[in-house]
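Enquirer: Handing you this structure, nothing more for now.
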Amino acid sequence: GRWALSILPSAPRRVMLLPTGAGESRQLDIGALDPTVAVFVPPGSLTVAVVGVRNSVPSVAIVDLRSGKRTDLAMPMLMGRVLGGRRFMPTYASPDGSLLAIATDDGKVLAWKLTPNPEAEPREIASLADNEVFAGWTTDPSKIYVAVWDGLKVHADSLDISSGRRTTVRTVTIDDAAGMLMTAPDLLLSADAKTYVVGYTRMLSTLYLVTGLK
């Protein structure tokens with residue numbers, strides 16, 4: 001069947017695997033990790049990577065959904081570099097399941113090797129400008145998507161992580177930007193670039209005109 005991941009805002013927070021059809025939900029064993037984001041790892045989505053904090057250190061729990069085996073990996077190079085300027089930590093697994101990439105607040109996209117054995121030291125695969133956001137992987141594991149914001153319009157570029165070559169694959173415009181507080185919102189793009197989600201924070205208020213005061 002098909003599944004969805006959810007992080008419950010309980011104390012402590014829990015990561016749940018939820019069926020999209022018939023079936024029962026199950027809680028993933030992530031040990032003492034306080035989770036922030038959870039993603040499926042292709043191919044087959046039989047592995048889940050959960051990123052969060054363990055003992056004050058950014059870490060990832062890699063969980064095999066078949067056996068329940070968990071591999072823990074510390075990510076100390078993320079300390080003070082994530083969730084300071086954004087409400088979402090862009091985290092995506094490559095389509096071949098070999099890499100887990102995370103974007104930092106200082107514009108670096110770091111990739112950790114997942115297979116055949118997880119490695120603690122990442123490599124930098126991209127460096128982004130202030131108006132750019134890591135938006136996922138393409139169907140090709142050598143390319144990622146970068147959202148380039150220009151006002152209320154965003155261009156989704158395919159970036160070859162080896163050559164640095166970029167190709168714009170689609171453009172999206174926010175129709176209702178009333179009260180938007182972000183200049184570079186989050187953009188989540190499917191691997192084929194046909195489906196997207198834009199996430200941003202906004203604050204709305206109501207102005208009243210009062211007459212006849214004495």
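Scheme for the structure tokens: letters A, B, ... for chains in order shown; per-chain residue numbers from 1; ligand numbers from 1 in order shown.
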Would you kindly return, as an MDAnalysis selection string, each protein, DNA or RNA residue with an atom no farther than 6 Å from any atom of segment 31-44 of chain A, considering only C-alpha atoms and excluding same-chain residues fewer than 5 positions away?
Expert: chainID A and resid 49:54 93 95:97
Enquirer: Give me the residues near Leu159 of chain A as a VMD selection string, where near means some atom within 10 Å (using only C-alpha atoms) and where sequence neighbours in that chain fewer than 5 positions away do not count.
Expert: chain A and resid 125 to 126 137 to 138 142 to 146 164 to 168
Enquirer: Residues within 6 Å of segment 185-194 of chain A, please, as a list in words. Count only C-alpha atoms; anything in the same chain fewer than 2 positions from it doesn't count.
Expert: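 The neighbour list is Ala135, Trp137, Thr138, Thr139, Met182, Tyr196, Val197, Val198, Gly199 and Tyr200 of chain A.
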Enquirer: Save out the residues we just selected, all heavy atoms, as a PDB file, in the first residue's frame.
Expert:
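out22.pdb written:
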ATOM      1  N   ALA A 135      14.845  22.879  -3.616  1.00  0.00           N
ATOM      2  CA  ALA A 135      13.456  22.448  -3.788  1.00  0.00           C
ATOM      3  C   ALA A 135      13.301  20.966  -4.115  1.00  0.00           C
ATOM      4  O   ALA A 135      12.210  20.528  -4.452  1.00  0.00           O
ATOM      5  CB  ALA A 135      12.783  23.283  -4.880  1.00  0.00           C
ATOM      6  N   TRP A 137      15.047  16.936  -5.609  1.00  0.00           N
ATOM      7  CA  TRP A 137      15.830  16.279  -6.651  1.00  0.00           C
ATOM      8  C   TRP A 137      14.995  16.087  -7.907  1.00  0.00           C
ATOM      9  O   TRP A 137      13.780  15.916  -7.842  1.00  0.00           O
ATOM     10  CB  TRP A 137      16.298  14.902  -6.184  1.00  0.00           C
ATOM     11  CG  TRP A 137      17.312  14.917  -5.082  1.00  0.00           C
ATOM     12  CD1 TRP A 137      17.044  15.032  -3.739  1.00  0.00           C
ATOM     13  CD2 TRP A 137      18.734  14.809  -5.205  1.00  0.00           C
ATOM     14  NE1 TRP A 137      18.227  14.997  -3.022  1.00  0.00           N
ATOM     15  CE2 TRP A 137      19.280  14.854  -3.891  1.00  0.00           C
ATOM     16  CE3 TRP A 137      19.605  14.671  -6.294  1.00  0.00           C
ATOM     17  CZ2 TRP A 137      20.648  14.768  -3.641  1.00  0.00           C
ATOM     18  CZ3 TRP A 137      20.969  14.580  -6.039  1.00  0.00           C
ATOM     19  CH2 TRP A 137      21.482  14.637  -4.740  1.00  0.00           C
ATOM     20  N   THR A 138      15.634  16.080  -9.055  1.00  0.00           N
ATOM     21  CA  THR A 138      14.957  15.708 -10.288  1.00  0.00           C
ATOM     22  C   THR A 138      14.924  14.181 -10.352  1.00  0.00           C
ATOM     23  O   THR A 138      15.358  13.492  -9.426  1.00  0.00           O
ATOM     24  CB  THR A 138      15.699  16.265 -11.520  1.00  0.00           C
ATOM     25  OG1 THR A 138      16.915  15.519 -11.720  1.00  0.00           O
ATOM     26  CG2 THR A 138      16.040  17.744 -11.328  1.00  0.00           C
ATOM     27  N   THR A 139      14.436  13.621 -11.455  1.00  0.00           N
ATOM     28  CA  THR A 139      14.461  12.169 -11.639  1.00  0.00           C
ATOM     29  C   THR A 139      15.873  11.662 -11.880  1.00  0.00           C
ATOM     30  O   THR A 139      16.132  10.464 -11.812  1.00  0.00           O
ATOM     31  CB  THR A 139      13.562  11.767 -12.812  1.00  0.00           C
ATOM     32  OG1 THR A 139      13.959  12.508 -13.980  1.00  0.00           O
ATOM     33  CG2 THR A 139      12.093  12.076 -12.519  1.00  0.00           C
ATOM     34  N   MET A 182       7.598  36.454   3.976  1.00  0.00           N
ATOM     35  CA  MET A 182       8.843  35.871   3.492  1.00  0.00           C
ATOM     36  C   MET A 182       9.166  36.376   2.094  1.00  0.00           C
ATOM     37  O   MET A 182       8.279  36.527   1.255  1.00  0.00           O
ATOM     38  CB  MET A 182       8.745  34.340   3.468  1.00  0.00           C
ATOM     39  CG  MET A 182       8.386  33.726   4.804  1.00  0.00           C
ATOM     40  SD  MET A 182       8.097  31.949   4.708  1.00  0.00           S
ATOM     41  CE  MET A 182       9.746  31.342   4.331  1.00  0.00           C
ATOM     42  N   TYR A 196       3.752  20.940  -7.412  1.00  0.00           N
ATOM     43  CA  TYR A 196       4.534  21.760  -6.489  1.00  0.00           C
ATOM     44  C   TYR A 196       3.670  22.214  -5.316  1.00  0.00           C
ATOM     45  O   TYR A 196       2.433  22.235  -5.388  1.00  0.00           O
ATOM     46  CB  TYR A 196       5.119  22.985  -7.194  1.00  0.00           C
ATOM     47  CG  TYR A 196       4.085  24.014  -7.631  1.00  0.00           C
ATOM     48  CD1 TYR A 196       3.700  25.048  -6.777  1.00  0.00           C
ATOM     49  CD2 TYR A 196       3.485  23.945  -8.889  1.00  0.00           C
ATOM     50  CE1 TYR A 196       2.751  25.973  -7.157  1.00  0.00           C
ATOM     51  CE2 TYR A 196       2.539  24.866  -9.281  1.00  0.00           C
ATOM     52  CZ  TYR A 196       2.169  25.890  -8.425  1.00  0.00           C
ATOM     53  OH  TYR A 196       1.218  26.800  -8.804  1.00  0.00           O
ATOM     54  N   VAL A 197       4.345  22.584  -4.242  1.00  0.00           N
ATOM     55  CA  VAL A 197       3.698  23.176  -3.072  1.00  0.00           C
ATOM     56  C   VAL A 197       4.527  24.388  -2.662  1.00  0.00           C
ATOM     57  O   VAL A 197       5.753  24.298  -2.565  1.00  0.00           O
ATOM     58  CB  VAL A 197       3.613  22.188  -1.895  1.00  0.00           C
ATOM     59  CG1 VAL A 197       3.067  22.888  -0.652  1.00  0.00           C
ATOM     60  CG2 VAL A 197       2.755  20.992  -2.254  1.00  0.00           C
ATOM     61  N   VAL A 198       3.862  25.510  -2.439  1.00  0.00           N
ATOM     62  CA  VAL A 198       4.531  26.714  -1.951  1.00  0.00           C
ATOM     63  C   VAL A 198       4.092  26.940  -0.512  1.00  0.00           C
ATOM     64  O   VAL A 198       2.899  26.917  -0.208  1.00  0.00           O
ATOM     65  CB  VAL A 198       4.182  27.947  -2.808  1.00  0.00           C
ATOM     66  CG1 VAL A 198       4.815  29.200  -2.213  1.00  0.00           C
ATOM     67  CG2 VAL A 198       4.661  27.758  -4.238  1.00  0.00           C
ATOM     68  N   GLY A 199       5.068  27.140   0.378  1.00  0.00           N
ATOM     69  CA  GLY A 199       4.748  27.379   1.777  1.00  0.00           C
ATOM     70  C   GLY A 199       5.363  28.676   2.267  1.00  0.00           C
ATOM     71  O   GLY A 199       6.546  28.914   2.049  1.00  0.00           O
ATOM     72  N   TYR A 200       4.559  29.518   2.897  1.00  0.00           N
ATOM     73  CA  TYR A 200       5.095  30.771   3.412  1.00  0.00           C
ATOM     74  C   TYR A 200       4.283  31.224   4.622  1.00  0.00           C
ATOM     75  O   TYR A 200       3.145  30.796   4.832  1.00  0.00           O
ATOM     76  CB  TYR A 200       5.107  31.869   2.339  1.00  0.00           C
ATOM     77  CG  TYR A 200       3.773  32.139   1.669  1.00  0.00           C
ATOM     78  CD1 TYR A 200       2.887  33.078   2.192  1.00  0.00           C
ATOM     79  CD2 TYR A 200       3.409  31.472   0.502  1.00  0.00           C
ATOM     80  CE1 TYR A 200       1.667  33.337   1.580  1.00  0.00           C
ATOM     81  CE2 TYR A 200       2.199  31.725  -0.123  1.00  0.00           C
ATOM     82  CZ  TYR A 200       1.331  32.651   0.418  1.00  0.00           C
ATOM     83  OH  TYR A 200       0.123  32.895  -0.204  1.00  0.00           O
TER      84      TYR A 200
END
Enquirer: Give the strand (DSSP E or B) residues of segment 52-179 of chain A, as DSSP finds them on the backbone, and put them as a PyMOL selection string.
Expert: chain A and resi 52-54+57-64+70-74+91-93+99-103+108-113+123-127+132-137+143-150+153-160+166-173
Enquirer: Work out how far apart atom CA of Gly151 of chain A and atom CA of Gly107 of chain A are and give it in Å to one decimal.
Expert: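 Atom-to-atom, atom CA of Gly151 of chain A to atom CA of Gly107 of chain A, that is 18.8 Å.
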Enquirer: Please list as an NGL selection string every residue within 8 Å of Arg170 of chain A, counting only C-alpha atoms and excluding residues in the same chain fewer than 3 positions away.
Expert: :A and (155-157 or 193)
Enquirer: Create the file for the chosen residues now, containing N, CA, C and O atoms and written as a compact mmCIF listing (two decimals), in the first residue's frame.
Expert:
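Writing the result to result-v1.txt gives the following:
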# COMPACT_ATOMS: atom_id res chain seq x y z
N HIS A 155 11.24 30.94 -10.30
CA HIS A 155 11.69 30.10 -11.40
C HIS A 155 12.32 28.84 -10.80
O HIS A 155 13.21 28.94 -9.95
N ALA A 156 11.86 27.68 -11.23
CA ALA A 156 12.42 26.42 -10.76
C ALA A 156 13.49 25.98 -11.75
O ALA A 156 13.19 25.68 -12.92
N ASP A 157 14.73 25.97 -11.27
CA ASP A 157 15.86 25.58 -12.12
C ASP A 157 16.31 24.16 -11.79
O ASP A 157 16.33 23.75 -10.63
N ALA A 193 8.63 17.65 -11.82
CA ALA A 193 8.34 19.09 -11.86
C ALA A 193 6.90 19.41 -12.24
O ALA A 193 6.57 20.56 -12.52
Enquirer: As a PyMOL selection string, please: the residues near Gly21 of chain A (cut-off 12 Å, only C-alpha atoms, same-chain neighbours under 3 positions excluded).
Expert: chain A and resi 1-4+18+24-25
Enquirer: Which one of A:Thr183, A:Ser98, A:Thr115, A:Ser6 sits closest to Arg202 of chain A if you count only C-alpha atoms?
Expert: A:Thr183
Enquirer: Near Ala101 of chain A, counting only C-alpha atoms, which residues have an atom at most 8 Å away, once you skip same-chain residues fewer than 3 positions from it, shown as a list in words?
Expert: Thr91, Tyr92, Ala93, Ser94, Val109, Leu110, Ala111 and Trp112 of chain A
Enquirer: Take the residues just selected and output them with N, CA and C atoms as a short mmCIF file (atom, residue, chain, number, x, y, z; two decimals), in the first residue's frame.
Expert:
data_model
loop_
_atom_site.label_atom_id
_atom_site.label_comp_id
_atom_site.auth_asym_id
_atom_site.auth_seq_id
_atom_site.Cartn_x
_atom_site.Cartn_y
_atom_site.Cartn_z
N THR A 91 14.95 19.15 3.05
CA THR A 91 15.61 17.85 3.20
C THR A 91 15.03 16.87 2.18
N TYR A 92 15.88 16.31 1.33
CA TYR A 92 15.39 15.42 0.28
C TYR A 92 16.39 14.30 0.02
N ALA A 93 15.88 13.11 -0.27
CA ALA A 93 16.72 11.98 -0.65
C ALA A 93 16.77 11.90 -2.17
N SER A 94 17.94 11.54 -2.70
CA SER A 94 18.10 11.43 -4.15
C SER A 94 17.25 10.28 -4.68
N VAL A 109 24.12 23.47 0.27
CA VAL A 109 23.37 22.22 0.20
C VAL A 109 24.37 21.10 0.44
N LEU A 110 24.21 20.40 1.57
CA LEU A 110 25.13 19.34 1.97
C LEU A 110 24.48 17.99 1.74
N ALA A 111 25.27 17.02 1.25
CA ALA A 111 24.73 15.70 0.94
C ALA A 111 25.51 14.63 1.70
N TRP A 112 24.77 13.78 2.41
CA TRP A 112 25.35 12.65 3.14
C TRP A 112 25.11 11.37 2.35
#
Enquirer: Hey, what's within 10 Å of Asn117 of chain A if we count only C-alpha atoms and toss same-chain stuff fewer than 3 positions away? As a VMD selection string, please?
Expert: chain A and resid 71 98 113 to 114 120
